[in-house]
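Quick look at structure.txt (compact mmCIF, C-alpha atoms):
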# COMPACT_ATOMS: atom_id res chain seq x y z
CA MET A 866 -14.65 17.41 -11.77
CA TYR A 867 -11.73 17.63 -14.14
CA ILE A 868 -8.60 15.89 -12.92
CA ASN A 869 -5.18 15.74 -14.46
CA VAL A 870 -4.57 12.00 -14.56
CA LEU A 871 -0.89 12.25 -13.58
CA LYS A 872 -0.83 15.25 -11.27
CA ASP A 873 -4.01 15.13 -9.20
CA ILE A 874 -2.95 12.19 -7.04
CA PRO A 875 -4.54 11.83 -3.61
CA ASP A 876 -1.96 12.04 -0.81
CA LYS A 877 -3.00 9.36 1.57
CA LEU A 878 -4.98 6.36 0.51
CA GLU A 879 -6.55 3.93 2.92
CA GLU A 880 -8.22 2.24 -0.01
CA GLU A 881 -7.70 2.33 -3.74
CA ASN A 882 -9.01 5.52 -5.34
CA PHE A 883 -11.30 5.25 -8.38
CA GLN A 884 -12.05 8.33 -10.45
CA SER A 885 -14.42 8.26 -13.40
CA ILE A 886 -12.90 10.08 -16.38
CA LEU A 887 -15.25 9.20 -19.23
CA SER A 888 -18.59 7.44 -19.24
CA ALA A 889 -20.28 6.71 -22.56
CA ARG A 890 -22.63 4.05 -23.84
CA SER A 891 -19.89 1.82 -25.16
CA VAL A 892 -16.91 2.61 -22.98
CA ARG A 893 -15.89 3.82 -19.52
CA VAL A 894 -12.49 5.23 -18.60
CA GLU A 895 -11.32 5.29 -14.98
CA ARG A 896 -8.18 6.44 -13.26
CA ILE A 897 -7.21 4.12 -10.42
CA VAL A 898 -4.59 4.97 -7.79
CA SER A 899 -3.15 2.22 -5.62
CA HIS A 900 -0.63 2.72 -2.85
CA GLY A 901 0.77 -0.65 -1.92
CA HIS A 902 -2.67 -2.19 -2.27
CA ALA A 903 -3.18 -5.77 -3.37
CA SER A 904 -6.23 -7.96 -3.81
CA PRO A 905 -7.06 -10.05 -0.73
CA PRO A 906 -5.57 -13.58 -0.78
CA SER A 907 -7.55 -15.89 -3.07
CA PHE A 908 -9.79 -13.02 -4.20
CA TRP A 909 -10.32 -12.93 -8.00
CA TYR A 910 -11.82 -10.17 -10.08
CA ASP A 911 -14.46 -11.69 -12.38
CA GLN A 912 -15.92 -8.89 -14.46
CA ASP A 913 -18.79 -8.73 -16.95
CA GLU A 914 -16.90 -6.16 -19.00
CA ALA A 915 -13.60 -6.46 -20.77
CA GLU A 916 -10.92 -4.20 -19.31
CA TRP A 917 -7.88 -2.77 -21.03
CA VAL A 918 -5.56 -1.39 -18.40
CA LEU A 919 -2.44 0.76 -18.79
CA LEU A 920 0.02 1.33 -15.98
CA LEU A 921 1.04 5.01 -15.97
CA LYS A 922 3.17 5.30 -12.81
CA GLY A 923 4.54 2.98 -10.15
CA ALA A 924 4.65 -0.78 -10.56
CA ALA A 925 2.29 -3.73 -10.23
CA VAL A 926 2.11 -7.49 -10.45
CA LEU A 927 -1.04 -9.12 -11.84
CA GLU A 928 -1.97 -12.78 -11.53
CA PHE A 929 -4.35 -14.66 -13.79
CA GLU A 930 -6.13 -17.79 -12.61
CA GLY A 931 -4.50 -20.93 -13.94
CA GLU A 932 -1.32 -19.18 -15.03
CA ALA A 933 1.85 -20.01 -13.13
CA GLU A 934 3.65 -16.85 -14.19
CA ALA A 935 2.59 -13.44 -12.90
CA LEU A 936 2.64 -10.36 -15.10
CA ARG A 937 4.93 -7.54 -13.98
CA LEU A 938 3.89 -4.13 -15.23
CA ALA A 939 6.11 -1.05 -15.50
CA PRO A 940 4.95 2.40 -16.64
CA GLY A 941 3.71 2.20 -20.22
CA ASP A 942 2.84 -1.51 -19.97
CA HIS A 943 -0.73 -2.56 -20.65
CA VAL A 944 -2.85 -5.68 -20.76
CA ASP A 945 -6.23 -6.51 -22.23
CA ILE A 946 -8.32 -8.59 -19.84
CA PRO A 947 -11.32 -10.35 -21.41
CA ALA A 948 -14.63 -10.40 -19.54
CA HIS A 949 -14.66 -13.09 -16.84
CA ARG A 950 -10.93 -13.70 -17.11
CA ARG A 951 -10.24 -14.13 -13.41
CA HIS A 952 -7.35 -12.01 -12.20
CA ARG A 953 -6.02 -10.33 -9.10
CA VAL A 954 -3.52 -7.67 -8.14
CA ALA A 955 -0.71 -9.53 -6.37
CA SER A 956 1.10 -6.33 -5.41
CA THR A 957 1.68 -2.67 -6.20
CA ALA A 958 4.70 -0.50 -5.40
CA PRO A 959 4.93 -0.01 -1.61
CA ASP A 960 6.74 3.34 -1.72
CA GLU A 961 4.94 5.40 -4.36
CA PRO A 962 1.47 5.70 -5.85
CA THR A 963 0.66 3.33 -8.68
CA VAL A 964 -1.55 5.00 -11.29
CA TRP A 965 -3.62 2.96 -13.73
CA LEU A 966 -5.79 3.98 -16.63
CA ALA A 967 -8.59 1.46 -17.11
CA VAL A 968 -10.82 1.28 -20.20
CA PHE A 969 -13.90 -0.90 -19.61
CA TYR A 970 -15.74 -2.00 -22.75
CA ASP A 971 -18.04 -4.58 -24.23
CA GLY A 972 -15.58 -7.29 -25.21
CA LYS A 973 -18.07 -9.48 -27.08
CA GLN A 974 -17.06 -10.33 -30.60
CA PRO A 975 -19.20 -9.07 -33.48
CA LEU A 976 -21.66 -11.64 -34.88
CA ALA A 977 -20.16 -13.41 -37.88
CA MET B 756 3.26 -6.40 -31.80
CA TYR B 757 3.34 -5.48 -28.15
CA ILE B 758 4.66 -2.01 -27.48
CA ASN B 759 5.28 -0.28 -24.20
CA VAL B 760 3.33 2.93 -24.68
CA LEU B 761 5.92 5.13 -22.96
CA LYS B 762 9.20 3.43 -23.83
CA ASP B 763 8.89 2.18 -27.41
CA ILE B 764 9.08 5.61 -29.02
CA PRO B 765 10.29 5.82 -32.63
CA ASP B 766 13.49 7.87 -32.93
CA LYS B 767 12.93 9.94 -36.01
CA LEU B 768 9.50 10.81 -37.26
CA GLU B 769 8.87 12.36 -40.64
CA GLU B 770 5.16 11.97 -40.01
CA GLU B 771 3.09 11.27 -36.96
CA ASN B 772 3.25 7.65 -35.83
CA PHE B 773 0.02 5.76 -35.18
CA GLN B 774 0.11 2.43 -33.38
CA SER B 775 -2.99 0.35 -32.79
CA ILE B 776 -3.09 -0.92 -29.20
CA LEU B 777 -6.60 -2.33 -28.88
CA SER B 778 -9.27 -2.92 -31.46
CA ALA B 779 -12.66 -4.18 -30.32
CA ARG B 780 -16.21 -3.81 -31.58
CA SER B 781 -17.01 -0.84 -29.42
CA VAL B 782 -13.66 0.84 -28.89
CA ARG B 783 -10.25 1.37 -30.43
CA VAL B 784 -7.16 2.50 -28.55
CA GLU B 785 -4.21 4.04 -30.41
CA ARG B 786 -0.87 5.42 -29.34
CA ILE B 787 0.07 8.50 -31.37
CA VAL B 788 3.56 10.01 -31.36
CA SER B 789 4.06 13.53 -32.71
CA HIS B 790 7.39 15.31 -32.97
CA GLY B 791 6.70 18.96 -33.59
CA HIS B 792 3.87 18.05 -35.94
CA ALA B 793 0.82 20.24 -36.36
CA SER B 794 -2.25 20.04 -38.57
CA PRO B 795 -1.90 21.93 -41.84
CA PRO B 796 -3.25 25.50 -41.72
CA SER B 797 -7.07 25.57 -41.93
CA PHE B 798 -7.23 21.76 -41.83
CA TRP B 799 -9.86 20.44 -39.40
CA TYR B 800 -10.34 16.91 -38.18
CA ASP B 801 -14.01 15.96 -38.59
CA GLN B 802 -14.44 12.42 -37.32
CA ASP B 803 -17.36 9.99 -37.31
CA GLU B 804 -16.24 8.60 -33.96
CA ALA B 805 -15.93 10.34 -30.63
CA GLU B 806 -12.33 10.51 -29.41
CA TRP B 807 -11.11 10.76 -25.85
CA VAL B 808 -7.46 11.71 -25.91
CA LEU B 809 -4.91 11.78 -23.07
CA LEU B 810 -1.55 13.49 -23.39
CA LEU B 811 1.12 11.24 -21.82
CA LYS B 812 4.37 13.06 -22.66
CA GLY B 813 5.40 16.31 -24.28
CA ALA B 814 2.99 19.17 -24.87
CA ALA B 815 0.31 20.16 -27.37
CA VAL B 816 -2.12 22.90 -28.27
CA LEU B 817 -5.52 21.96 -29.70
CA GLU B 818 -7.92 24.31 -31.45
CA PHE B 819 -11.65 23.81 -31.82
CA GLU B 820 -13.60 25.47 -34.60
CA GLY B 821 -15.49 28.52 -33.37
CA GLU B 822 -13.58 28.75 -30.10
CA ALA B 823 -11.28 31.72 -29.63
CA GLU B 824 -9.24 30.06 -26.92
CA ALA B 825 -6.93 27.15 -27.68
CA LEU B 826 -6.51 24.24 -25.28
CA ARG B 827 -3.02 23.71 -23.90
CA LEU B 828 -2.34 20.14 -22.82
CA ALA B 829 0.38 18.99 -20.42
CA PRO B 830 1.11 15.37 -19.47
CA GLY B 831 -1.95 13.91 -17.73
CA ASP B 832 -4.38 16.32 -19.40
CA HIS B 833 -7.20 14.88 -21.48
CA VAL B 834 -10.15 16.01 -23.54
CA ASP B 835 -13.25 14.30 -24.86
CA ILE B 836 -13.96 15.29 -28.46
CA PRO B 837 -17.49 14.51 -29.68
CA ALA B 838 -17.95 13.07 -33.18
CA HIS B 839 -17.81 15.80 -35.83
CA ARG B 840 -16.49 18.40 -33.39
CA ARG B 841 -14.02 20.05 -35.73
CA HIS B 842 -10.57 20.41 -34.22
CA ARG B 843 -6.92 20.67 -35.19
CA VAL B 844 -3.51 20.30 -33.60
CA ALA B 845 -2.08 23.82 -33.53
CA SER B 846 1.30 22.66 -32.27
CA THR B 847 3.22 19.98 -30.40
CA ALA B 848 6.50 20.29 -28.49
CA PRO B 849 9.33 20.98 -30.95
CA ASP B 850 12.12 19.44 -28.88
CA GLU B 851 10.74 16.14 -27.61
CA PRO B 852 8.24 13.50 -28.68
CA THR B 853 4.63 14.15 -27.75
CA VAL B 854 2.84 10.92 -26.86
CA TRP B 855 -0.96 10.66 -26.95
CA LEU B 856 -3.30 7.89 -25.99
CA ALA B 857 -6.47 8.06 -28.08
CA VAL B 858 -9.66 6.13 -27.32
CA PHE B 859 -12.08 6.15 -30.26
CA TYR B 860 -15.64 5.13 -29.46
CA ASP B 861 -19.25 5.42 -30.51
CA GLY B 862 -20.26 8.69 -28.90
CA LYS B 863 -23.95 8.44 -29.69
CA GLN B 864 -26.21 8.77 -26.70
CA PRO B 865 -28.40 5.85 -25.71
CA LEU B 866 -31.99 6.03 -26.96
CA ALA B 867 -34.23 7.55 -24.30
Could the structure of this file be written out as structure tokens, please?
Amino acid sequence: MYINVLKDIPDKLEEENFQSILSARSVRVERIVSHGHASPPSFWYDQDEAEWVLLLKGAAVLEFEGEAEALRLAPGDHVDIPAHRRHRVASTAPDEPTVWLAVFYDGKQPLA
Amino acid sequence: MYINVLKDIPDKLEEENFQSILSARSVRVERIVSHGHASPPSFWYDQDEAEWVLLLKGAAVLEFEGEAEALRLAPGDHVDIPAHRRHRVASTAPDEPTVWLAVFYDGKQPLA
């Protein structure tokens, strides 16, 4: 199903909404909509793939394991998260949908 | 250099502005800013890589060789362009910057 990334936003979200946009051999693109969601306390994402994520709407705070300072993201901000870099979503905007574009890819370096 | 994809927009653009955002083995992400630019008449892009492109701001019309109907893109619209699918930018908004996010990737199918 074709979705406009910015307009086709689900109204009510009990859980985060994941929508596959592109799926190829080397890359996957997903649209993620959060509505005040955060990762559970002391939960860390630990992913086999690298993930480049762009915040399109709303606001979010990301935490990375071992880093004292959290990363605040506004629309247009992005971050490249290497595979197995443990991270969590500390918070997203409580009063509006937060829309992410996530590009998952093989983050391994080419052989020298 | 870190750029906010939506906020760090060059003021005056004689030519389209390309900004590399992510460069990995399997995928490249670029931010492209057009300001009324279009492809030259009868010019066609013919690329070795597949390109998934998302329009973030502004407006654009894309043409694909052999297709009578052009594709009008509004913010949030996206299109996946296979490698060597010949296409051109017929127009972009004349009165505001048009901001694209382009994901270039290896579009070859996995071996069966």
Residues of chain A within 9 Å of chain B, counting all atoms listed in the file, as a ChimeraX atom specification: /A:868-873,887,889-892,917,919,921,939-943,945,968,970-975
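Taking atom CA of Gln802 of chain B and atom CA of Arg841 of chain B as the two end points, the separation is 7.8 Å.
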Identify, on the basis of only C-alpha atoms, every residue whose closest approach to segment 850-853 of chain B does not exceed 10 Å; exclude the query and any residue fewer than 4 positions from it along the same chain; express the result as a CSV table (one decimal) with C-alpha atoms, in the frame of the given file.
chain,number,residue,atom,x,y,z
B,764,ILE,CA,9.1,5.6,-29.0
B,765,PRO,CA,10.3,5.8,-32.6
B,766,ASP,CA,13.5,7.9,-32.9
B,767,LYS,CA,12.9,9.9,-36.0
B,768,LEU,CA,9.5,10.8,-37.3
B,771,GLU,CA,3.1,11.3,-37.0
B,787,ILE,CA,0.1,8.5,-31.4
B,788,VAL,CA,3.6,10.0,-31.4
B,789,SER,CA,4.1,13.5,-32.7
B,790,HIS,CA,7.4,15.3,-33.0
B,791,GLY,CA,6.7,19.0,-33.6
B,792,HIS,CA,3.9,18.0,-35.9
B,810,LEU,CA,-1.6,13.5,-23.4
B,811,LEU,CA,1.1,11.2,-21.8
B,812,LYS,CA,4.4,13.1,-22.7
B,813,GLY,CA,5.4,16.3,-24.3
B,814,ALA,CA,3.0,19.2,-24.9
B,815,ALA,CA,0.3,20.2,-27.4
B,829,ALA,CA,0.4,19.0,-20.4
B,830,PRO,CA,1.1,15.4,-19.5
Box centre and edge lengths (Å, one decimal), axis-aligned, segment 818-824 of chain B plus 6 Å each side, as AutoDock Vina command-line options:
--center_x -11.7 --center_y 27.8 --center_z -30.8 --size_x 19.6 --size_y 19.9 --size_z 19.7
- prompt: Using all atoms listed in the file, which of B:Ala793, B:Tyr800, B:Pro837, B:Asn772 sits nearest Pro849 of chain B?
  reply: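 When distances to Pro849 of chain B are compared using all atoms listed in the file, the smallest one comes from B:Ala793.
Separating atom CA of Glu785 of chain B from atom CA of His839 of chain B is a distance of 18.8 Å.
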task: Report the distance between atom CA of Gly931 of chain A and atom CA of Leu966 of chain A in Å, rounded to one decimal place.
output: 25.1 Å
message: Taking all atoms listed in the file into account, name the residue in B:Ala838, B:Ala825, B:Val816, B:Ala857 that is nearest to Ser775 of chain B.
response: B:Ala857
message: Using all atoms listed in the file, which protein or nucleic acid residues come within 7 Å of His842 of chain B? Drop anything in the same chain fewer than 5 positions from it, and give the result as number ranges by chain.
response: B: 799-800, 817-820
Because some atoms of segment 891-923 of chain A are absent here, can you restore N, CA and C atoms and send them as a PDB file, in the coordinates of the input?
ATOM      1  N   SER A 891     -20.673   2.986 -24.764  1.00  0.00           N
ATOM      2  CA  SER A 891     -19.890   1.820 -25.160  1.00  0.00           C
ATOM      3  C   SER A 891     -18.576   1.677 -24.408  1.00  0.00           C
ATOM      4  N   VAL A 892     -18.235   2.671 -23.607  1.00  0.00           N
ATOM      5  CA  VAL A 892     -16.910   2.610 -22.980  1.00  0.00           C
ATOM      6  C   VAL A 892     -16.906   3.471 -21.712  1.00  0.00           C
ATOM      7  N   ARG A 893     -16.134   3.017 -20.720  1.00  0.00           N
ATOM      8  CA  ARG A 893     -15.890   3.820 -19.520  1.00  0.00           C
ATOM      9  C   ARG A 893     -14.387   3.889 -19.310  1.00  0.00           C
ATOM     10  N   VAL A 894     -13.909   5.074 -18.927  1.00  0.00           N
ATOM     11  CA  VAL A 894     -12.490   5.230 -18.600  1.00  0.00           C
ATOM     12  C   VAL A 894     -12.397   5.638 -17.141  1.00  0.00           C
ATOM     13  N   GLU A 895     -11.541   4.953 -16.388  1.00  0.00           N
ATOM     14  CA  GLU A 895     -11.320   5.290 -14.980  1.00  0.00           C
ATOM     15  C   GLU A 895      -9.834   5.450 -14.709  1.00  0.00           C
ATOM     16  N   ARG A 896      -9.542   6.352 -13.768  1.00  0.00           N
ATOM     17  CA  ARG A 896      -8.180   6.440 -13.260  1.00  0.00           C
ATOM     18  C   ARG A 896      -8.214   5.753 -11.887  1.00  0.00           C
ATOM     19  N   ILE A 897      -7.286   4.847 -11.679  1.00  0.00           N
ATOM     20  CA  ILE A 897      -7.210   4.120 -10.420  1.00  0.00           C
ATOM     21  C   ILE A 897      -5.851   4.398  -9.785  1.00  0.00           C
ATOM     22  N   VAL A 898      -5.850   4.765  -8.509  1.00  0.00           N
ATOM     23  CA  VAL A 898      -4.590   4.970  -7.790  1.00  0.00           C
ATOM     24  C   VAL A 898      -4.505   3.957  -6.653  1.00  0.00           C
ATOM     25  N   SER A 899      -3.425   3.194  -6.675  1.00  0.00           N
ATOM     26  CA  SER A 899      -3.150   2.220  -5.620  1.00  0.00           C
ATOM     27  C   SER A 899      -1.904   2.692  -4.877  1.00  0.00           C
ATOM     28  N   HIS A 900      -1.836   2.361  -3.609  1.00  0.00           N
ATOM     29  CA  HIS A 900      -0.630   2.720  -2.850  1.00  0.00           C
ATOM     30  C   HIS A 900      -0.261   1.517  -1.994  1.00  0.00           C
ATOM     31  N   GLY A 901       0.403   0.579  -2.632  1.00  0.00           N
ATOM     32  CA  GLY A 901       0.770  -0.650  -1.920  1.00  0.00           C
ATOM     33  C   GLY A 901      -0.381  -1.638  -1.788  1.00  0.00           C
ATOM     34  N   HIS A 902      -1.526  -1.300  -2.390  1.00  0.00           N
ATOM     35  CA  HIS A 902      -2.670  -2.190  -2.270  1.00  0.00           C
ATOM     36  C   HIS A 902      -2.482  -3.469  -3.085  1.00  0.00           C
ATOM     37  N   ALA A 903      -3.119  -4.518  -2.629  1.00  0.00           N
ATOM     38  CA  ALA A 903      -3.180  -5.770  -3.370  1.00  0.00           C
ATOM     39  C   ALA A 903      -4.563  -6.365  -3.151  1.00  0.00           C
ATOM     40  N   SER A 904      -4.965  -7.263  -4.022  1.00  0.00           N
ATOM     41  CA  SER A 904      -6.230  -7.960  -3.810  1.00  0.00           C
ATOM     42  C   SER A 904      -6.079  -8.884  -2.601  1.00  0.00           C
ATOM     43  N   PRO A 905      -7.150  -9.102  -1.849  1.00  0.00           N
ATOM     44  CA  PRO A 905      -7.060 -10.050  -0.730  1.00  0.00           C
ATOM     45  C   PRO A 905      -6.638 -11.436  -1.236  1.00  0.00           C
ATOM     46  N   PRO A 906      -5.985 -12.227  -0.370  1.00  0.00           N
ATOM     47  CA  PRO A 906      -5.570 -13.580  -0.780  1.00  0.00           C
ATOM     48  C   PRO A 906      -6.761 -14.373  -1.309  1.00  0.00           C
ATOM     49  N   SER A 907      -6.555 -15.061  -2.373  1.00  0.00           N
ATOM     50  CA  SER A 907      -7.550 -15.890  -3.070  1.00  0.00           C
ATOM     51  C   SER A 907      -8.801 -15.126  -3.519  1.00  0.00           C
ATOM     52  N   PHE A 908      -8.744 -13.802  -3.544  1.00  0.00           N
ATOM     53  CA  PHE A 908      -9.790 -13.020  -4.200  1.00  0.00           C
ATOM     54  C   PHE A 908      -9.470 -12.935  -5.690  1.00  0.00           C
ATOM     55  N   TRP A 909     -10.495 -13.113  -6.545  1.00  0.00           N
ATOM     56  CA  TRP A 909     -10.320 -12.930  -8.000  1.00  0.00           C
ATOM     57  C   TRP A 909     -11.342 -11.942  -8.519  1.00  0.00           C
ATOM     58  N   TYR A 910     -10.888 -10.991  -9.298  1.00  0.00           N
ATOM     59  CA  TYR A 910     -11.820 -10.170 -10.080  1.00  0.00           C
ATOM     60  C   TYR A 910     -12.444 -11.051 -11.166  1.00  0.00           C
ATOM     61  N   ASP A 911     -13.746 -10.932 -11.341  1.00  0.00           N
ATOM     62  CA  ASP A 911     -14.460 -11.690 -12.380  1.00  0.00           C
ATOM     63  C   ASP A 911     -15.510 -10.732 -12.934  1.00  0.00           C
ATOM     64  N   GLN A 912     -15.167 -10.044 -14.016  1.00  0.00           N
ATOM     65  CA  GLN A 912     -15.920  -8.890 -14.460  1.00  0.00           C
ATOM     66  C   GLN A 912     -16.759  -9.174 -15.718  1.00  0.00           C
ATOM     67  N   ASP A 913     -17.937  -8.580 -15.774  1.00  0.00           N
ATOM     68  CA  ASP A 913     -18.790  -8.730 -16.950  1.00  0.00           C
ATOM     69  C   ASP A 913     -18.243  -7.987 -18.163  1.00  0.00           C
ATOM     70  N   GLU A 914     -17.463  -6.943 -17.899  1.00  0.00           N
ATOM     71  CA  GLU A 914     -16.900  -6.160 -19.000  1.00  0.00           C
ATOM     72  C   GLU A 914     -15.459  -6.573 -19.252  1.00  0.00           C
ATOM     73  N   ALA A 915     -15.026  -6.372 -20.489  1.00  0.00           N
ATOM     74  CA  ALA A 915     -13.600  -6.460 -20.770  1.00  0.00           C
ATOM     75  C   ALA A 915     -12.928  -5.209 -20.230  1.00  0.00           C
ATOM     76  N   GLU A 916     -11.658  -5.337 -19.865  1.00  0.00           N
ATOM     77  CA  GLU A 916     -10.920  -4.200 -19.310  1.00  0.00           C
ATOM     78  C   GLU A 916      -9.533  -4.154 -19.924  1.00  0.00           C
ATOM     79  N   TRP A 917      -9.261  -3.027 -20.574  1.00  0.00           N
ATOM     80  CA  TRP A 917      -7.880  -2.770 -21.030  1.00  0.00           C
ATOM     81  C   TRP A 917      -7.276  -1.821 -20.011  1.00  0.00           C
ATOM     82  N   VAL A 918      -6.139  -2.196 -19.467  1.00  0.00           N
ATOM     83  CA  VAL A 918      -5.560  -1.390 -18.400  1.00  0.00           C
ATOM     84  C   VAL A 918      -4.102  -1.046 -18.736  1.00  0.00           C
ATOM     85  N   LEU A 919      -3.776   0.218 -18.501  1.00  0.00           N
ATOM     86  CA  LEU A 919      -2.440   0.760 -18.790  1.00  0.00           C
ATOM     87  C   LEU A 919      -1.853   1.262 -17.483  1.00  0.00           C
ATOM     88  N   LEU A 920      -0.638   0.827 -17.168  1.00  0.00           N
ATOM     89  CA  LEU A 920       0.020   1.330 -15.980  1.00  0.00           C
ATOM     90  C   LEU A 920       0.777   2.620 -16.333  1.00  0.00           C
ATOM     91  N   LEU A 921       0.452   3.704 -15.648  1.00  0.00           N
ATOM     92  CA  LEU A 921       1.040   5.010 -15.970  1.00  0.00           C
ATOM     93  C   LEU A 921       2.212   5.352 -15.050  1.00  0.00           C
ATOM     94  N   LYS A 922       2.132   4.968 -13.799  1.00  0.00           N
ATOM     95  CA  LYS A 922       3.170   5.300 -12.810  1.00  0.00           C
ATOM     96  C   LYS A 922       3.252   4.162 -11.804  1.00  0.00           C
ATOM     97  N   GLY A 923       4.412   3.993 -11.186  1.00  0.00           N
ATOM     98  CA  GLY A 923       4.540   2.980 -10.150  1.00  0.00           C
ATOM     99  C   GLY A 923       4.885   1.627 -10.738  1.00  0.00           C
TER     100      GLY A 923
END
